[in-house]
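File shown: query12.txt. Contents: compact mmCIF, N, CA and C atoms and all ligand atoms.
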```txt
# COMPACT_ATOMS: atom_id res chain seq x y z
N MET A 1 0.84 -1.20 0.00
CA MET A 1 0.00 0.00 0.00
C MET A 1 0.88 1.25 0.00
N LEU A 2 0.54 2.17 -0.83
CA LEU A 2 1.32 3.41 -0.93
C LEU A 2 0.82 4.42 0.10
N GLN A 3 1.75 5.10 0.73
CA GLN A 3 1.38 6.17 1.66
C GLN A 3 1.95 7.46 1.11
N ARG A 4 1.22 8.52 1.33
CA ARG A 4 1.73 9.84 0.89
C ARG A 4 2.36 10.54 2.09
N ILE A 5 3.52 11.15 1.84
CA ILE A 5 4.15 11.92 2.92
C ILE A 5 4.46 13.33 2.39
N GLY A 6 4.52 14.28 3.29
CA GLY A 6 4.91 15.64 2.92
C GLY A 6 6.34 15.87 3.36
N VAL A 7 7.14 16.49 2.51
CA VAL A 7 8.54 16.76 2.86
C VAL A 7 8.80 18.25 2.67
N SER A 8 9.39 18.88 3.67
CA SER A 8 9.74 20.29 3.54
C SER A 8 11.20 20.43 3.17
N LEU A 9 11.47 21.18 2.12
CA LEU A 9 12.84 21.37 1.66
C LEU A 9 13.09 22.83 1.34
N GLU A 10 14.34 23.26 1.49
CA GLU A 10 14.69 24.61 1.08
C GLU A 10 14.54 24.69 -0.44
N ASP A 11 14.14 25.87 -0.89
CA ASP A 11 13.92 26.12 -2.30
C ASP A 11 15.11 25.69 -3.17
N THR A 12 16.31 26.12 -2.76
CA THR A 12 17.49 25.83 -3.59
C THR A 12 17.81 24.34 -3.62
N LEU A 13 17.61 23.67 -2.48
CA LEU A 13 17.87 22.23 -2.42
C LEU A 13 16.91 21.48 -3.35
N LEU A 14 15.65 21.89 -3.33
CA LEU A 14 14.65 21.25 -4.18
C LEU A 14 14.97 21.47 -5.66
N LYS A 15 15.40 22.70 -5.98
CA LYS A 15 15.75 23.00 -7.38
C LYS A 15 16.90 22.11 -7.84
N GLN A 16 17.93 22.00 -7.00
CA GLN A 16 19.09 21.15 -7.34
C GLN A 16 18.68 19.70 -7.49
N PHE A 17 17.80 19.26 -6.60
CA PHE A 17 17.31 17.89 -6.66
C PHE A 17 16.58 17.64 -7.97
N ASP A 18 15.70 18.58 -8.35
CA ASP A 18 14.93 18.43 -9.59
C ASP A 18 15.84 18.39 -10.82
N VAL A 19 16.84 19.26 -10.84
CA VAL A 19 17.77 19.29 -11.98
C VAL A 19 18.50 17.95 -12.06
N ASP A 20 18.95 17.48 -10.90
CA ASP A 20 19.71 16.23 -10.85
C ASP A 20 18.87 15.04 -11.29
N ILE A 21 17.67 14.92 -10.76
CA ILE A 21 16.87 13.72 -11.08
C ILE A 21 16.37 13.77 -12.53
N THR A 22 16.13 14.97 -13.05
CA THR A 22 15.72 15.08 -14.45
C THR A 22 16.86 14.62 -15.35
N ALA A 23 18.08 15.07 -15.01
CA ALA A 23 19.25 14.69 -15.80
C ALA A 23 19.45 13.18 -15.76
N ARG A 24 19.04 12.56 -14.66
CA ARG A 24 19.23 11.12 -14.52
C ARG A 24 18.05 10.32 -15.07
N GLY A 25 17.07 11.04 -15.63
CA GLY A 25 15.99 10.35 -16.33
C GLY A 25 14.74 10.08 -15.52
N TYR A 26 14.68 10.58 -14.30
CA TYR A 26 13.46 10.39 -13.51
C TYR A 26 12.38 11.31 -14.04
N THR A 27 11.15 10.80 -14.07
CA THR A 27 10.05 11.65 -14.52
C THR A 27 9.25 12.18 -13.34
N ASN A 28 9.50 11.62 -12.15
CA ASN A 28 8.84 12.21 -10.97
C ASN A 28 9.70 12.07 -9.72
N ARG A 29 9.43 12.94 -8.77
CA ARG A 29 10.23 13.00 -7.54
C ARG A 29 10.03 11.75 -6.68
N SER A 30 8.82 11.20 -6.71
CA SER A 30 8.54 10.07 -5.83
C SER A 30 9.47 8.90 -6.10
N GLU A 31 9.64 8.57 -7.38
CA GLU A 31 10.50 7.43 -7.71
C GLU A 31 11.95 7.71 -7.33
N ALA A 32 12.39 8.94 -7.55
CA ALA A 32 13.76 9.31 -7.19
C ALA A 32 13.95 9.20 -5.67
N LEU A 33 12.97 9.65 -4.92
CA LEU A 33 13.06 9.57 -3.46
C LEU A 33 13.04 8.13 -2.98
N ARG A 34 12.19 7.31 -3.59
CA ARG A 34 12.13 5.89 -3.21
C ARG A 34 13.49 5.23 -3.43
N ASP A 35 14.12 5.53 -4.58
CA ASP A 35 15.44 4.95 -4.87
C ASP A 35 16.49 5.40 -3.87
N LEU A 36 16.44 6.68 -3.49
CA LEU A 36 17.39 7.20 -2.50
C LEU A 36 17.21 6.49 -1.16
N ILE A 37 15.96 6.31 -0.77
CA ILE A 37 15.67 5.66 0.51
C ILE A 37 16.14 4.20 0.48
N ARG A 38 15.86 3.52 -0.63
CA ARG A 38 16.31 2.11 -0.75
C ARG A 38 17.82 2.01 -0.67
N GLU A 39 18.50 2.94 -1.36
CA GLU A 39 19.96 2.93 -1.36
C GLU A 39 20.50 3.05 0.06
N GLN A 40 19.87 3.96 0.79
CA GLN A 40 20.26 4.18 2.19
C GLN A 40 20.03 2.93 3.04
N LEU A 41 18.89 2.27 2.80
CA LEU A 41 18.55 1.07 3.59
C LEU A 41 19.48 -0.09 3.26
N VAL A 42 19.84 -0.21 1.99
CA VAL A 42 20.77 -1.27 1.59
C VAL A 42 22.12 -1.05 2.26
N ALA A 43 22.58 0.20 2.24
CA ALA A 43 23.87 0.53 2.86
C ALA A 43 23.82 0.19 4.35
N ARG A 44 22.71 0.50 5.00
CA ARG A 44 22.55 0.24 6.43
C ARG A 44 22.54 -1.26 6.70
N GLN A 45 21.77 -1.98 5.87
CA GLN A 45 21.66 -3.43 6.01
C GLN A 45 23.05 -4.08 5.90
N TRP A 46 23.82 -3.56 4.95
CA TRP A 46 25.17 -4.08 4.73
C TRP A 46 26.07 -3.81 5.91
N SER A 47 26.06 -2.57 6.38
CA SER A 47 27.01 -2.24 7.44
C SER A 47 26.63 -2.94 8.74
N SER A 48 25.35 -3.27 8.92
CA SER A 48 24.95 -3.93 10.16
C SER A 48 25.10 -5.44 10.06
N SER A 49 25.41 -5.94 8.86
CA SER A 49 25.51 -7.40 8.72
C SER A 49 26.96 -7.86 8.75
N GLY A 50 27.83 -6.95 9.19
CA GLY A 50 29.26 -7.22 9.20
C GLY A 50 29.69 -8.60 9.68
N ASP A 51 29.21 -9.00 10.85
CA ASP A 51 29.66 -10.27 11.42
C ASP A 51 28.67 -11.40 11.18
N SER A 52 27.49 -11.06 10.66
CA SER A 52 26.48 -12.10 10.54
C SER A 52 26.76 -13.00 9.35
N SER A 53 26.07 -14.11 9.30
CA SER A 53 26.30 -15.06 8.21
C SER A 53 25.31 -14.82 7.07
N GLU A 54 24.58 -13.72 7.17
CA GLU A 54 23.59 -13.40 6.15
C GLU A 54 24.27 -13.16 4.80
N GLU A 55 23.68 -13.68 3.74
CA GLU A 55 24.29 -13.58 2.42
C GLU A 55 24.00 -12.22 1.77
N GLN A 56 25.04 -11.64 1.19
CA GLN A 56 24.88 -10.36 0.51
C GLN A 56 25.40 -10.48 -0.92
N ILE A 57 25.09 -9.49 -1.71
CA ILE A 57 25.54 -9.45 -3.10
C ILE A 57 26.30 -8.14 -3.32
N ALA A 58 27.40 -8.19 -4.05
CA ALA A 58 28.11 -6.97 -4.41
C ALA A 58 28.46 -7.02 -5.90
N VAL A 59 28.43 -5.86 -6.53
CA VAL A 59 28.83 -5.75 -7.92
C VAL A 59 30.15 -4.98 -7.95
N VAL A 60 31.15 -5.55 -8.59
CA VAL A 60 32.47 -4.91 -8.64
C VAL A 60 32.77 -4.55 -10.09
N THR A 61 33.11 -3.29 -10.31
CA THR A 61 33.47 -2.82 -11.65
C THR A 61 34.95 -2.50 -11.67
N LEU A 62 35.66 -3.02 -12.66
CA LEU A 62 37.10 -2.79 -12.76
C LEU A 62 37.45 -2.39 -14.19
N VAL A 63 38.30 -1.37 -14.33
CA VAL A 63 38.84 -1.01 -15.64
C VAL A 63 40.35 -1.09 -15.53
N TYR A 64 40.97 -1.80 -16.46
CA TYR A 64 42.43 -1.95 -16.42
C TYR A 64 42.97 -2.25 -17.80
N GLU A 65 44.29 -2.11 -17.96
CA GLU A 65 44.92 -2.40 -19.25
C GLU A 65 45.35 -3.86 -19.28
N HIS A 66 44.90 -4.55 -20.30
CA HIS A 66 45.17 -5.99 -20.36
C HIS A 66 46.63 -6.26 -20.73
N ASP A 67 47.34 -5.24 -21.26
CA ASP A 67 48.73 -5.41 -21.69
C ASP A 67 49.62 -5.87 -20.54
N SER A 68 49.22 -5.46 -19.32
CA SER A 68 50.02 -5.86 -18.17
C SER A 68 49.61 -7.26 -17.72
N MET A 69 50.44 -8.25 -18.05
CA MET A 69 50.12 -9.63 -17.71
C MET A 69 50.05 -9.84 -16.21
N ASP A 70 50.94 -9.13 -15.50
CA ASP A 70 50.97 -9.27 -14.05
C ASP A 70 49.63 -8.88 -13.44
N LEU A 71 49.08 -7.78 -13.97
CA LEU A 71 47.82 -7.28 -13.44
C LEU A 71 46.69 -8.28 -13.69
N SER A 72 46.56 -8.77 -14.91
CA SER A 72 45.52 -9.75 -15.23
C SER A 72 45.66 -10.99 -14.36
N LYS A 73 46.89 -11.43 -14.19
CA LYS A 73 47.15 -12.63 -13.37
C LYS A 73 46.75 -12.40 -11.93
N ARG A 74 47.09 -11.22 -11.44
CA ARG A 74 46.79 -10.88 -10.04
C ARG A 74 45.28 -10.86 -9.81
N LEU A 75 44.55 -10.24 -10.75
CA LEU A 75 43.09 -10.17 -10.62
C LEU A 75 42.49 -11.57 -10.64
N ALA A 76 43.00 -12.42 -11.54
CA ALA A 76 42.49 -13.79 -11.64
C ALA A 76 42.83 -14.57 -10.38
N SER A 77 44.03 -14.38 -9.88
CA SER A 77 44.44 -15.17 -8.72
C SER A 77 43.64 -14.81 -7.47
N ILE A 78 43.29 -13.55 -7.32
CA ILE A 78 42.45 -13.15 -6.17
C ILE A 78 41.09 -13.85 -6.26
N GLN A 79 40.55 -13.92 -7.48
CA GLN A 79 39.24 -14.55 -7.65
C GLN A 79 39.30 -16.06 -7.45
N HIS A 80 40.43 -16.65 -7.87
CA HIS A 80 40.57 -18.10 -7.74
C HIS A 80 40.76 -18.56 -6.29
N GLN A 81 41.19 -17.63 -5.44
CA GLN A 81 41.36 -17.98 -4.02
C GLN A 81 40.03 -18.38 -3.40
N ASP A 82 38.96 -17.85 -3.96
CA ASP A 82 37.64 -18.10 -3.39
C ASP A 82 36.63 -18.18 -4.53
N PRO A 83 36.73 -19.22 -5.35
CA PRO A 83 35.98 -19.28 -6.61
C PRO A 83 34.47 -19.25 -6.46
N HIS A 84 33.94 -19.73 -5.33
CA HIS A 84 32.48 -19.78 -5.19
C HIS A 84 31.88 -18.41 -4.90
N THR A 85 32.73 -17.47 -4.52
CA THR A 85 32.24 -16.12 -4.23
C THR A 85 31.87 -15.37 -5.51
N VAL A 86 32.63 -15.64 -6.57
CA VAL A 86 32.36 -14.96 -7.85
C VAL A 86 31.30 -15.76 -8.59
N ILE A 87 30.08 -15.23 -8.62
CA ILE A 87 29.02 -16.02 -9.25
C ILE A 87 28.78 -15.62 -10.70
N SER A 88 29.33 -14.48 -11.11
CA SER A 88 29.22 -14.10 -12.51
C SER A 88 30.31 -13.10 -12.87
N ALA A 89 30.80 -13.18 -14.09
CA ALA A 89 31.84 -12.25 -14.53
C ALA A 89 31.60 -11.88 -15.98
N LEU A 90 31.78 -10.60 -16.27
CA LEU A 90 31.60 -10.10 -17.63
C LEU A 90 32.85 -9.34 -18.02
N HIS A 91 33.38 -9.63 -19.18
CA HIS A 91 34.60 -8.96 -19.62
C HIS A 91 34.34 -8.31 -20.98
N ILE A 92 34.58 -7.01 -21.05
CA ILE A 92 34.40 -6.27 -22.31
C ILE A 92 35.75 -5.67 -22.70
N HIS A 93 36.15 -5.80 -23.95
CA HIS A 93 37.37 -5.17 -24.42
C HIS A 93 36.99 -3.76 -24.89
N MET A 94 37.30 -2.77 -24.09
CA MET A 94 36.82 -1.40 -24.34
C MET A 94 37.47 -0.77 -25.57
N ASP A 95 38.78 -0.95 -25.69
CA ASP A 95 39.52 -0.45 -26.85
C ASP A 95 40.76 -1.33 -26.97
N HIS A 96 41.80 -0.87 -27.68
CA HIS A 96 42.98 -1.71 -27.89
C HIS A 96 43.68 -2.10 -26.59
N HIS A 97 43.55 -1.27 -25.58
CA HIS A 97 44.31 -1.51 -24.34
C HIS A 97 43.47 -1.83 -23.12
N ASN A 98 42.28 -1.20 -23.06
CA ASN A 98 41.52 -1.26 -21.81
C ASN A 98 40.42 -2.32 -21.78
N CYS A 99 40.31 -2.93 -20.62
CA CYS A 99 39.28 -3.93 -20.39
C CYS A 99 38.35 -3.45 -19.28
N LEU A 100 37.10 -3.81 -19.42
CA LEU A 100 36.12 -3.56 -18.36
C LEU A 100 35.67 -4.91 -17.84
N GLU A 101 35.76 -5.08 -16.53
CA GLU A 101 35.28 -6.32 -15.95
C GLU A 101 34.22 -6.00 -14.91
N VAL A 102 33.11 -6.72 -14.98
CA VAL A 102 32.05 -6.56 -13.99
C VAL A 102 31.85 -7.92 -13.33
N LEU A 103 32.03 -7.94 -12.02
CA LEU A 103 31.93 -9.20 -11.27
C LEU A 103 30.77 -9.12 -10.30
N ILE A 104 30.09 -10.23 -10.13
CA ILE A 104 29.06 -10.28 -9.10
C ILE A 104 29.52 -11.26 -8.04
N LEU A 105 29.61 -10.76 -6.81
CA LEU A 105 30.08 -11.57 -5.70
C LEU A 105 28.93 -11.86 -4.75
N ARG A 106 28.89 -13.10 -4.26
CA ARG A 106 27.85 -13.46 -3.31
C ARG A 106 28.48 -14.16 -2.10
N GLY A 107 28.05 -13.74 -0.92
CA GLY A 107 28.58 -14.35 0.30
C GLY A 107 28.34 -13.44 1.48
N VAL A 108 28.94 -13.76 2.61
CA VAL A 108 28.77 -12.87 3.77
C VAL A 108 29.53 -11.57 3.49
N ALA A 109 28.98 -10.49 4.00
CA ALA A 109 29.48 -9.15 3.68
C ALA A 109 30.99 -9.02 3.85
N GLN A 110 31.48 -9.46 5.00
CA GLN A 110 32.90 -9.32 5.32
C GLN A 110 33.79 -9.97 4.25
N LYS A 111 33.38 -11.17 3.86
CA LYS A 111 34.17 -11.95 2.91
C LYS A 111 34.17 -11.32 1.51
N ILE A 112 32.98 -10.93 1.04
CA ILE A 112 32.93 -10.40 -0.32
C ILE A 112 33.53 -8.99 -0.39
N LEU A 113 33.39 -8.25 0.70
CA LEU A 113 34.02 -6.92 0.71
C LEU A 113 35.53 -7.04 0.68
N ALA A 114 36.04 -8.03 1.40
CA ALA A 114 37.49 -8.23 1.43
C ALA A 114 38.00 -8.53 0.02
N MET A 115 37.30 -9.41 -0.69
CA MET A 115 37.73 -9.72 -2.05
C MET A 115 37.60 -8.50 -2.96
N ALA A 116 36.48 -7.80 -2.85
CA ALA A 116 36.23 -6.63 -3.71
C ALA A 116 37.30 -5.57 -3.49
N GLU A 117 37.64 -5.34 -2.23
CA GLU A 117 38.63 -4.30 -1.93
C GLU A 117 40.02 -4.69 -2.41
N GLN A 118 40.31 -5.96 -2.32
CA GLN A 118 41.60 -6.47 -2.82
C GLN A 118 41.70 -6.24 -4.34
N LEU A 119 40.60 -6.53 -5.05
CA LEU A 119 40.59 -6.39 -6.51
C LEU A 119 40.77 -4.93 -6.92
N VAL A 120 40.00 -4.05 -6.26
CA VAL A 120 40.04 -2.63 -6.59
C VAL A 120 41.44 -2.05 -6.30
N ALA A 121 42.09 -2.61 -5.27
CA ALA A 121 43.37 -2.06 -4.84
C ALA A 121 44.56 -2.55 -5.67
N VAL A 122 44.31 -3.50 -6.58
CA VAL A 122 45.44 -4.01 -7.36
C VAL A 122 46.05 -2.87 -8.17
N ARG A 123 47.36 -2.79 -8.11
CA ARG A 123 48.07 -1.72 -8.79
C ARG A 123 47.82 -1.79 -10.30
N GLY A 124 47.41 -0.67 -10.90
CA GLY A 124 47.14 -0.64 -12.33
C GLY A 124 45.66 -0.62 -12.65
N VAL A 125 44.83 -0.92 -11.65
CA VAL A 125 43.39 -0.81 -11.88
C VAL A 125 43.06 0.69 -11.94
N LYS A 126 42.57 1.11 -13.12
CA LYS A 126 42.36 2.55 -13.34
C LYS A 126 41.07 3.04 -12.72
N PHE A 127 40.10 2.15 -12.67
CA PHE A 127 38.81 2.51 -12.10
C PHE A 127 38.29 1.28 -11.38
N GLY A 128 37.90 1.45 -10.15
CA GLY A 128 37.34 0.33 -9.41
C GLY A 128 36.23 0.80 -8.51
N LYS A 129 35.13 0.11 -8.55
CA LYS A 129 34.00 0.52 -7.71
C LYS A 129 33.28 -0.72 -7.19
N VAL A 130 32.90 -0.66 -5.93
CA VAL A 130 32.16 -1.76 -5.32
C VAL A 130 30.76 -1.25 -5.00
N VAL A 131 29.77 -1.90 -5.52
CA VAL A 131 28.39 -1.50 -5.22
C VAL A 131 27.71 -2.59 -4.40
N PRO A 132 27.38 -2.29 -3.14
CA PRO A 132 26.64 -3.27 -2.35
C PRO A 132 25.21 -3.38 -2.92
N ALA A 133 24.76 -4.58 -3.14
CA ALA A 133 23.41 -4.75 -3.65
C ALA A 133 22.65 -5.63 -2.67
N THR A 134 21.46 -5.99 -3.03
CA THR A 134 20.65 -6.79 -2.12
C THR A 134 19.66 -7.61 -2.92
N THR A 135 19.17 -8.66 -2.30
CA THR A 135 18.10 -9.43 -2.94
C THR A 135 16.80 -8.66 -2.83
N GLY A 136 16.80 -7.63 -1.98
CA GLY A 136 15.60 -6.82 -1.84
C GLY A 136 14.55 -7.50 -0.96
N ARG A 137 14.96 -8.56 -0.26
CA ARG A 137 14.00 -9.34 0.52
C ARG A 137 13.23 -8.46 1.52
N ASP A 138 13.97 -7.55 2.14
CA ASP A 138 13.33 -6.73 3.16
C ASP A 138 12.88 -5.37 2.64
N LEU A 139 13.08 -5.15 1.34
CA LEU A 139 12.69 -3.86 0.76
C LEU A 139 11.61 -4.08 -0.28
N THR A 140 10.83 -3.06 -0.54
CA THR A 140 9.82 -3.22 -1.58
C THR A 140 10.03 -2.17 -2.65
NI NI B 1 39.81 -7.32 -22.58
```

Give the structure from the file, written as structure tokens.
Ligand code: NI
Amino acid sequence: MLQRIGVSLEDTLLKQFDVDITARGYTNRSEALRDLIREQLVARQWSSSGDSSEEQIAVVTLVYEHDSMDLSKRLASIQHQDPHTVISALHIHMDHHNCLEVLILRGVAQKILAMAEQLVAVRGVKFGKVVPATTGRDLT
């Protein structure tokens, strides 16, 4: 069931919000606000599940130059240390030198974060980002 709420915002903040969400393709404020709230809840769920055995999902994005064999080997070896954690991997050859890899990791938060942070920290990774995701079980 949908509930309506009223939110008070400063004029300038609301204007900035509208410009931002329009640029990102939202057609109404409600959907943008729902997404922001969900993002916040997922982050909270993740940080509070640190020691628990609850399963989480993370998406890891990596951009690197494939010319460096050491780097490719290092990335592969980190993943092979715990092969069941990586449940999906996508590799795109962006141009002559650069590769984009998107990995989906599943497991307890501590474990998958450790792997994700190790991957992002490998020397030569030009862009690395870890996005905590969720099955959405507790969110609607
Ligand atoms: Ni490639």

Next on the checklist: So the first atom is atom CA of A:Ala133 and the second is atom CA of A:Ala76; what is the distance between them in Å, to one decimal place?
Outcome noted: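 One can read the atom CA of A:Ala133 to atom CA of A:Ala76 distance as 22.6 Å.
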
Checklist entry - Would you give me, as an MDAnalysis selection string, the residues in stretch 44-92 of chain A that DSSP reads as strand (DSSP E or B)? => result chainID A and resid 55:65 86:92

Checklist entry - What is the atom N of A:His93 to atom CA of A:Val63 distance in Å? => result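 Separating atom N of A:His93 from atom CA of A:Val63 is a distance of 10.0 Å.
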
Next on the checklist: One decimal, in Å: what's the spacing between atom N of A:Lys73 and atom N of A:Val125?
Outcome noted: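 We find that atom N of A:Lys73 and atom N of A:Val125 lie 11.0 Å from each other.
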
Next on the checklist: To test your reading of the structure, identify every residue in stretch 14-68 of chain A that backbone DSSP assigns to alpha helix (DSSP H), and report it as a ChimeraX atom specification.
Outcome noted: /A:14-23,29-48

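If only C-alpha atoms and all ligand atoms are the atoms counted, then among A:Cys99, A:Met69, A:Val59, A:Ile78 the closest residue to ligand NI 1 (chain B) is A:Cys99.
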
Write out, as JSON lines, each residue of chain A that has an atom at most 8 Å from ligand NI 1 (chain B), together with the closest pair of atoms and their distance in Å to one decimal, counting all atoms listed in the file, rows going by chain and rising number.
```
{"residue": "A:Tyr64", "atom": "C", "partner": "B:NI1", "partner_atom": "NI", "distance": 7.7}
{"residue": "A:Glu65", "atom": "C", "partner": "B:NI1", "partner_atom": "NI", "distance": 7.3}
{"residue": "A:His66", "atom": "CA", "partner": "B:NI1", "partner_atom": "NI", "distance": 6.0}
{"residue": "A:Asp67", "atom": "N", "partner": "B:NI1", "partner_atom": "NI", "distance": 7.9}
{"residue": "A:His91", "atom": "C", "partner": "B:NI1", "partner_atom": "NI", "distance": 5.8}
{"residue": "A:Ile92", "atom": "C", "partner": "B:NI1", "partner_atom": "NI", "distance": 4.4}
{"residue": "A:His93", "atom": "CA", "partner": "B:NI1", "partner_atom": "NI", "distance": 3.7}
{"residue": "A:Met94", "atom": "N", "partner": "B:NI1", "partner_atom": "NI", "distance": 5.4}
{"residue": "A:Asp95", "atom": "N", "partner": "B:NI1", "partner_atom": "NI", "distance": 7.2}
{"residue": "A:His96", "atom": "C", "partner": "B:NI1", "partner_atom": "NI", "distance": 7.6}
{"residue": "A:His97", "atom": "C", "partner": "B:NI1", "partner_atom": "NI", "distance": 6.6}
{"residue": "A:Asn98", "atom": "C", "partner": "B:NI1", "partner_atom": "NI", "distance": 5.1}
{"residue": "A:Cys99", "atom": "CA", "partner": "B:NI1", "partner_atom": "NI", "distance": 4.1}
{"residue": "A:Leu100", "atom": "N", "partner": "B:NI1", "partner_atom": "NI", "distance": 5.4}
{"residue": "A:Glu101", "atom": "N", "partner": "B:NI1", "partner_atom": "NI", "distance": 7.6}
```

Next on the checklist: Can you tell me which residues surround A:Val130 at a distance of at most 8 Å, considering only C-alpha atoms, apart from same-chain residues fewer than 4 positions away, and format the answer as a list in words?
Outcome noted: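 The contact residues come out as Ala58, Val59, Val60, Thr61, Ala116 and Glu117 of chain A.
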
Next on the checklist: List the spatial neighbours of A:Trp46 as a PyMOL selection string - criterion: any atom at most 8 Å away, only N, CA and C atoms, same-chain residues fewer than 5 positions off excluded.
Outcome noted: chain A and resi 40-41+51+56+109-110+132-133

Item to check | Nearest-residue call for A:Val102, choices A:Arg4, A:Arg24, A:Lys129, A:Arg123, using only C-alpha atoms | outcome: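 Among the listed residues, A:Lys129 lies closest to A:Val102.
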
Final N, CA, C and O atoms of stretch 66-79 of chain A as a PDB file, keeping the file's coordinate frame:
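What ended up in part_8.pdb:
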```pdb
ATOM      1  N   HIS A  66      44.900  -4.550 -20.300  1.00  0.00           N
ATOM      2  CA  HIS A  66      45.170  -5.990 -20.360  1.00  0.00           C
ATOM      3  C   HIS A  66      46.630  -6.260 -20.730  1.00  0.00           C
ATOM      4  O   HIS A  66      47.137  -7.367 -20.517  1.00  0.00           O
ATOM      5  N   ASP A  67      47.340  -5.240 -21.260  1.00  0.00           N
ATOM      6  CA  ASP A  67      48.730  -5.410 -21.690  1.00  0.00           C
ATOM      7  C   ASP A  67      49.620  -5.870 -20.540  1.00  0.00           C
ATOM      8  O   ASP A  67      50.632  -6.527 -20.748  1.00  0.00           O
ATOM      9  N   SER A  68      49.220  -5.460 -19.320  1.00  0.00           N
ATOM     10  CA  SER A  68      50.020  -5.860 -18.170  1.00  0.00           C
ATOM     11  C   SER A  68      49.610  -7.260 -17.720  1.00  0.00           C
ATOM     12  O   SER A  68      48.561  -7.446 -17.112  1.00  0.00           O
ATOM     13  N   MET A  69      50.440  -8.250 -18.050  1.00  0.00           N
ATOM     14  CA  MET A  69      50.120  -9.630 -17.710  1.00  0.00           C
ATOM     15  C   MET A  69      50.050  -9.840 -16.210  1.00  0.00           C
ATOM     16  O   MET A  69      49.241 -10.593 -15.706  1.00  0.00           O
ATOM     17  N   ASP A  70      50.940  -9.130 -15.500  1.00  0.00           N
ATOM     18  CA  ASP A  70      50.970  -9.270 -14.050  1.00  0.00           C
ATOM     19  C   ASP A  70      49.630  -8.880 -13.440  1.00  0.00           C
ATOM     20  O   ASP A  70      49.117  -9.542 -12.551  1.00  0.00           O
ATOM     21  N   LEU A  71      49.080  -7.780 -13.970  1.00  0.00           N
ATOM     22  CA  LEU A  71      47.820  -7.280 -13.440  1.00  0.00           C
ATOM     23  C   LEU A  71      46.690  -8.280 -13.690  1.00  0.00           C
ATOM     24  O   LEU A  71      45.928  -8.623 -12.774  1.00  0.00           O
ATOM     25  N   SER A  72      46.560  -8.770 -14.910  1.00  0.00           N
ATOM     26  CA  SER A  72      45.520  -9.750 -15.230  1.00  0.00           C
ATOM     27  C   SER A  72      45.660 -10.990 -14.360  1.00  0.00           C
ATOM     28  O   SER A  72      44.671 -11.522 -13.852  1.00  0.00           O
ATOM     29  N   LYS A  73      46.890 -11.430 -14.190  1.00  0.00           N
ATOM     30  CA  LYS A  73      47.150 -12.630 -13.370  1.00  0.00           C
ATOM     31  C   LYS A  73      46.750 -12.400 -11.930  1.00  0.00           C
ATOM     32  O   LYS A  73      46.160 -13.262 -11.293  1.00  0.00           O
ATOM     33  N   ARG A  74      47.090 -11.220 -11.440  1.00  0.00           N
ATOM     34  CA  ARG A  74      46.790 -10.880 -10.040  1.00  0.00           C
ATOM     35  C   ARG A  74      45.280 -10.860  -9.810  1.00  0.00           C
ATOM     36  O   ARG A  74      44.783 -11.410  -8.829  1.00  0.00           O
ATOM     37  N   LEU A  75      44.550 -10.240 -10.750  1.00  0.00           N
ATOM     38  CA  LEU A  75      43.090 -10.170 -10.620  1.00  0.00           C
ATOM     39  C   LEU A  75      42.490 -11.570 -10.640  1.00  0.00           C
ATOM     40  O   LEU A  75      41.592 -11.892  -9.860  1.00  0.00           O
ATOM     41  N   ALA A  76      43.000 -12.420 -11.540  1.00  0.00           N
ATOM     42  CA  ALA A  76      42.490 -13.790 -11.640  1.00  0.00           C
ATOM     43  C   ALA A  76      42.830 -14.570 -10.380  1.00  0.00           C
ATOM     44  O   ALA A  76      41.993 -15.311  -9.848  1.00  0.00           O
ATOM     45  N   SER A  77      44.030 -14.380  -9.880  1.00  0.00           N
ATOM     46  CA  SER A  77      44.440 -15.170  -8.720  1.00  0.00           C
ATOM     47  C   SER A  77      43.640 -14.810  -7.470  1.00  0.00           C
ATOM     48  O   SER A  77      43.296 -15.678  -6.674  1.00  0.00           O
ATOM     49  N   ILE A  78      43.290 -13.550  -7.320  1.00  0.00           N
ATOM     50  CA  ILE A  78      42.450 -13.150  -6.170  1.00  0.00           C
ATOM     51  C   ILE A  78      41.090 -13.850  -6.260  1.00  0.00           C
ATOM     52  O   ILE A  78      40.555 -14.364  -5.290  1.00  0.00           O
ATOM     53  N   GLN A  79      40.550 -13.920  -7.480  1.00  0.00           N
ATOM     54  CA  GLN A  79      39.240 -14.550  -7.650  1.00  0.00           C
ATOM     55  C   GLN A  79      39.300 -16.060  -7.450  1.00  0.00           C
ATOM     56  O   GLN A  79      38.381 -16.674  -6.923  1.00  0.00           O
TER      57      GLN A  79
END
```
